[in-house]
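Visitor: Take this structure, written in structure tokens, and hold onto it; I'll ask about it next.
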Amino acid sequence: MIKFSIVIPVYNEADNLYELINEINKSLIQYKEYEIIIVDDGSDDNTDKIIQDIKDNYPIRSFKHHKNLGQSRSILLGVNHASYDTIVTMDGDGQNNPYDIPNLLKVYCSSNKFSLVGGIRKKRMDSLIKILSSKVANKVRSLILSDNCSDTGCSLKVFNKGIFLRFPYFDSIHRFLPALFTGFGFKTNFILVEHRPRLKGKSKYGTFDRLFKGIVDLIKVKIMISRYKK
């Protein structure tokens with residue numbers, strides 16, 4: 001039976017966390033050895049209190065940034081402290097369905113050839129501007145980086161810890177994992193997953209304010225992969 005670590009970066013998700021952790025444990029009843037790691041990315045609501053309350057009922061591990069450093073930095077912190085070689089990442093807002101995790105793990109474990117298996121949201125439950133900007137970004141990214149992934153923004157992924165830690169870190173690395181795994185010669189696969197509407201809290205998603213940085217990161221990853229292949 002596979003052992004894995006679930007890494008959940010959160011920022012001001014106090015209203016969603018308790019229910020999410022409860023749902024994760026219910027969805028993984030068939031698995032015996034896994035851990036849940038919550039990384040609080042400098043939340044200024046009562047996320048910290050909710051995490052402590054969760055610890056009274058579930059054996060989770062948690063880490064905290066004292067200021068908001070971003071999703072990639074939070075994932076890196078969680079992965080560095082993970083006990084197992086297989087990493088599962090997901091959002092803390094409840095939009096990823098924990099019941100999709102067993103499906104991802106099944107594909108990941110079906111053979112030894114996949115180093116990353118990611119989710120493709122089959123029906124986005126977001127605002128129109130968020131959906132459209134994501135579609136454009138995914139098409140441009142796929143065209144330039146040939147990552148064979150139509151939805152790199154889906155946080156629900158399973159991947160190898162050691163390979164992830166080999167990549168040179170940069171902010172927003174979590175958006176380029178399919179390209180990095182593929183570009184560095186590792187096989188990836190993607191399956192359809194559910195995407196649920198956000199019921200509580202506010203989205204932290206940016207659009208135009210992130211455009212320039214996204215272009216810079218795209219060029220950075222392209223150069224990184226090109227140098228590796230020389």
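Please note that chains go A, B, ... in the order of the structure tokens, that every chain numbers its residues from 1, and that ligands are numbered from 1 in the order shown.
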Could you name the residues that touch Ser142 (chain A) at 10 Å or less, counting only C-alpha atoms, but leaving out those on the same chain fewer than 5 positions away, as a PyMOL selection string?
Guide: chain A and resi 136-137+147-152+178-179
Visitor: Those same residues, written as a PDB file, in the first residue's frame with C-alpha atoms?
Guide:
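Done, and the output landed in again-v6.pdb:
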```pdb
ATOM      1  CA  VAL A 136      -5.310  31.745 -22.493  1.00  0.00           C
ATOM      2  CA  ALA A 137      -2.425  31.168 -20.076  1.00  0.00           C
ATOM      3  CA  ASP A 147       3.912  20.183 -21.439  1.00  0.00           C
ATOM      4  CA  ASN A 148       0.873  18.294 -22.828  1.00  0.00           C
ATOM      5  CA  CYS A 149      -1.248  19.698 -20.007  1.00  0.00           C
ATOM      6  CA  SER A 150      -4.363  21.759 -20.647  1.00  0.00           C
ATOM      7  CA  ASP A 151      -4.802  22.790 -17.012  1.00  0.00           C
ATOM      8  CA  THR A 152      -1.563  23.347 -15.116  1.00  0.00           C
ATOM      9  CA  PRO A 178       4.025  19.528 -15.746  1.00  0.00           C
ATOM     10  CA  ALA A 179       6.477  21.426 -17.968  1.00  0.00           C
TER      11      ALA A 179
END
```
Visitor: Can you tell me, as a PDB file with N, CA and C atoms, in the first residue's frame, what residues are no more than 8 Å from region 79-86 of chain A when counting only C-alpha atoms, ignoring any on the same chain fewer than 2 positions away?
Guide:
```pdb
ATOM      1  N   LYS A   3       2.435   4.903   0.515  1.00  0.00           N
ATOM      2  CA  LYS A   3       2.502   5.890   1.593  1.00  0.00           C
ATOM      3  C   LYS A   3       2.660   7.258   0.945  1.00  0.00           C
ATOM      4  N   PHE A   4       1.954   8.250   1.444  1.00  0.00           N
ATOM      5  CA  PHE A   4       2.023   9.558   0.793  1.00  0.00           C
ATOM      6  C   PHE A   4       1.755  10.697   1.788  1.00  0.00           C
ATOM      7  N   SER A   5       2.233  11.857   1.396  1.00  0.00           N
ATOM      8  CA  SER A   5       2.048  13.073   2.191  1.00  0.00           C
ATOM      9  C   SER A   5       1.181  14.046   1.400  1.00  0.00           C
ATOM     10  N   VAL A   7       0.066  17.789   0.975  1.00  0.00           N
ATOM     11  CA  VAL A   7       0.516  19.145   1.326  1.00  0.00           C
ATOM     12  C   VAL A   7      -0.553  20.141   0.896  1.00  0.00           C
ATOM     13  N   GLU A  35      -0.075  11.186   5.584  1.00  0.00           N
ATOM     14  CA  GLU A  35      -0.074  12.306   6.507  1.00  0.00           C
ATOM     15  C   GLU A  35      -0.637  13.542   5.809  1.00  0.00           C
ATOM     16  N   ILE A  37      -0.279  17.620   5.777  1.00  0.00           N
ATOM     17  CA  ILE A  37       0.548  18.751   6.186  1.00  0.00           C
ATOM     18  C   ILE A  37      -0.130  20.037   5.725  1.00  0.00           C
ATOM     19  N   ILE A  75       4.256  25.287  -0.670  1.00  0.00           N
ATOM     20  CA  ILE A  75       4.377  23.896  -1.117  1.00  0.00           C
ATOM     21  C   ILE A  75       5.789  23.384  -0.848  1.00  0.00           C
ATOM     22  N   LEU A  76       6.789  24.214  -1.139  1.00  0.00           N
ATOM     23  CA  LEU A  76       8.176  23.815  -0.896  1.00  0.00           C
ATOM     24  C   LEU A  76       8.406  23.497   0.578  1.00  0.00           C
ATOM     25  N   LEU A  77       7.878  24.320   1.467  1.00  0.00           N
ATOM     26  CA  LEU A  77       8.035  24.081   2.903  1.00  0.00           C
ATOM     27  C   LEU A  77       7.397  22.749   3.290  1.00  0.00           C
ATOM     28  N   VAL A  88       1.084  14.557  -2.525  1.00  0.00           N
ATOM     29  CA  VAL A  88      -0.194  14.982  -3.089  1.00  0.00           C
ATOM     30  C   VAL A  88      -0.388  16.443  -2.715  1.00  0.00           C
ATOM     31  N   VAL A 158      -0.205  14.563  -7.977  1.00  0.00           N
ATOM     32  CA  VAL A 158       0.602  13.579  -7.257  1.00  0.00           C
ATOM     33  C   VAL A 158       1.956  13.540  -7.953  1.00  0.00           C
ATOM     34  N   PHE A 159       3.035  13.650  -7.188  1.00  0.00           N
ATOM     35  CA  PHE A 159       4.352  13.635  -7.816  1.00  0.00           C
ATOM     36  C   PHE A 159       5.418  13.127  -6.857  1.00  0.00           C
ATOM     37  N   ASN A 160       6.588  12.877  -7.428  1.00  0.00           N
ATOM     38  CA  ASN A 160       7.717  12.350  -6.671  1.00  0.00           C
ATOM     39  C   ASN A 160       8.455  13.467  -5.947  1.00  0.00           C
ATOM     40  N   LYS A 161       8.648  13.319  -4.664  1.00  0.00           N
ATOM     41  CA  LYS A 161       9.285  14.341  -3.842  1.00  0.00           C
ATOM     42  C   LYS A 161      10.715  14.633  -4.287  1.00  0.00           C
ATOM     43  N   GLY A 162      11.504  13.586  -4.503  1.00  0.00           N
ATOM     44  CA  GLY A 162      12.899  13.769  -4.845  1.00  0.00           C
ATOM     45  C   GLY A 162      13.094  14.526  -6.142  1.00  0.00           C
TER      46      GLY A 162
END
```
Visitor: Please provide the set of residues having any atom within 9 Å of Ile21 (chain A), restricted to only C-alpha atoms, with same-chain residues fewer than 5 positions apart removed, written as number ranges by chain.
Guide: A: 16, 26, 36, 54, 58, 60
Visitor: Okay, now the selection with N, CA and C atoms, as a short mmCIF file (atom, residue, chain, number, x, y, z; two decimals), in the first residue's frame?
Guide:
```cif
data_model
loop_
_atom_site.label_atom_id
_atom_site.label_comp_id
_atom_site.auth_asym_id
_atom_site.auth_seq_id
_atom_site.Cartn_x
_atom_site.Cartn_y
_atom_site.Cartn_z
N ASN A 16 -12.97 27.07 5.69
CA ASN A 16 -13.02 25.86 4.87
C ASN A 16 -12.23 24.68 5.43
N LYS A 26 -12.20 10.97 5.23
CA LYS A 26 -13.27 10.07 4.81
C LYS A 26 -12.97 9.48 3.43
N ILE A 36 -1.19 14.43 6.60
CA ILE A 36 -1.70 15.70 6.08
C ILE A 36 -0.85 16.82 6.66
N ILE A 54 -8.27 21.53 14.78
CA ILE A 54 -8.23 20.32 13.97
C ILE A 54 -7.29 19.29 14.60
N TYR A 58 -7.62 15.32 14.65
CA TYR A 58 -6.93 14.61 13.58
C TYR A 58 -5.42 14.76 13.75
N ILE A 60 -2.80 15.79 12.21
CA ILE A 60 -2.19 16.55 11.13
C ILE A 60 -0.89 17.19 11.60
#
```
Visitor: From a DSSP pass on the backbone, collect the residues of region 37-177 of chain A flagged as strand (DSSP E or B) and hand them back as a list in words.
Guide: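 After running DSSP on the backbone, region 37-177 of chain A has strand (DSSP E or B) at Ile37, Ile38, Val39, Asp40, Asp41, Arg61, Ser62, Phe63, Lys64, His65, Thr86, Ile87, Val88, Thr89, Asn96, Phe114, Ser115, Leu116, Val117, Gly118, Gly119, Ile120, Arg121, Lys157, Val158, Phe159 and Asn160 of chain A.
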Visitor: Extract, using only C-alpha atoms, all DNA, RNA and protein residues at most 12 Å from Met1 (chain A), discarding same-chain residues fewer than 3 positions from it, and format them as a list in words.
Guide: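 Those residues are Phe4, Gln30, Tyr31, Lys32, Glu33, Tyr34, Thr86, Pro102, Leu105, Lys106 and Cys109 of chain A.
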Visitor: Keeping only C-alpha atoms, write the selected residues as a PDB file, in the first residue's frame.
Guide:
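See part_32.pdb below for the written result:
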```pdb
ATOM      1  CA  PHE A   4       2.023   9.558   0.793  1.00  0.00           C
ATOM      2  CA  GLN A  30      -8.785   2.596   2.333  1.00  0.00           C
ATOM      3  CA  TYR A  31      -5.268   3.931   2.935  1.00  0.00           C
ATOM      4  CA  LYS A  32      -3.339   3.146   6.105  1.00  0.00           C
ATOM      5  CA  GLU A  33      -0.236   5.326   5.909  1.00  0.00           C
ATOM      6  CA  TYR A  34      -0.539   8.940   4.883  1.00  0.00           C
ATOM      7  CA  THR A  86       4.937  10.510  -2.825  1.00  0.00           C
ATOM      8  CA  PRO A 102      -7.623   7.812  -4.925  1.00  0.00           C
ATOM      9  CA  LEU A 105      -3.000   7.626  -6.848  1.00  0.00           C
ATOM     10  CA  LYS A 106      -4.327   4.642  -8.817  1.00  0.00           C
ATOM     11  CA  CYS A 109       0.804   3.575  -8.935  1.00  0.00           C
TER      12      CYS A 109
END
```
Visitor: Set the distance at 6 Å and use only C-alpha atoms: which residues neighbour region 38-47 of chain A once local chain neighbours fewer than 2 positions away are removed? I'd like the list as a PyMOL selection string.
Guide: chain A and resi 8-12+14+49-50+62-68+74
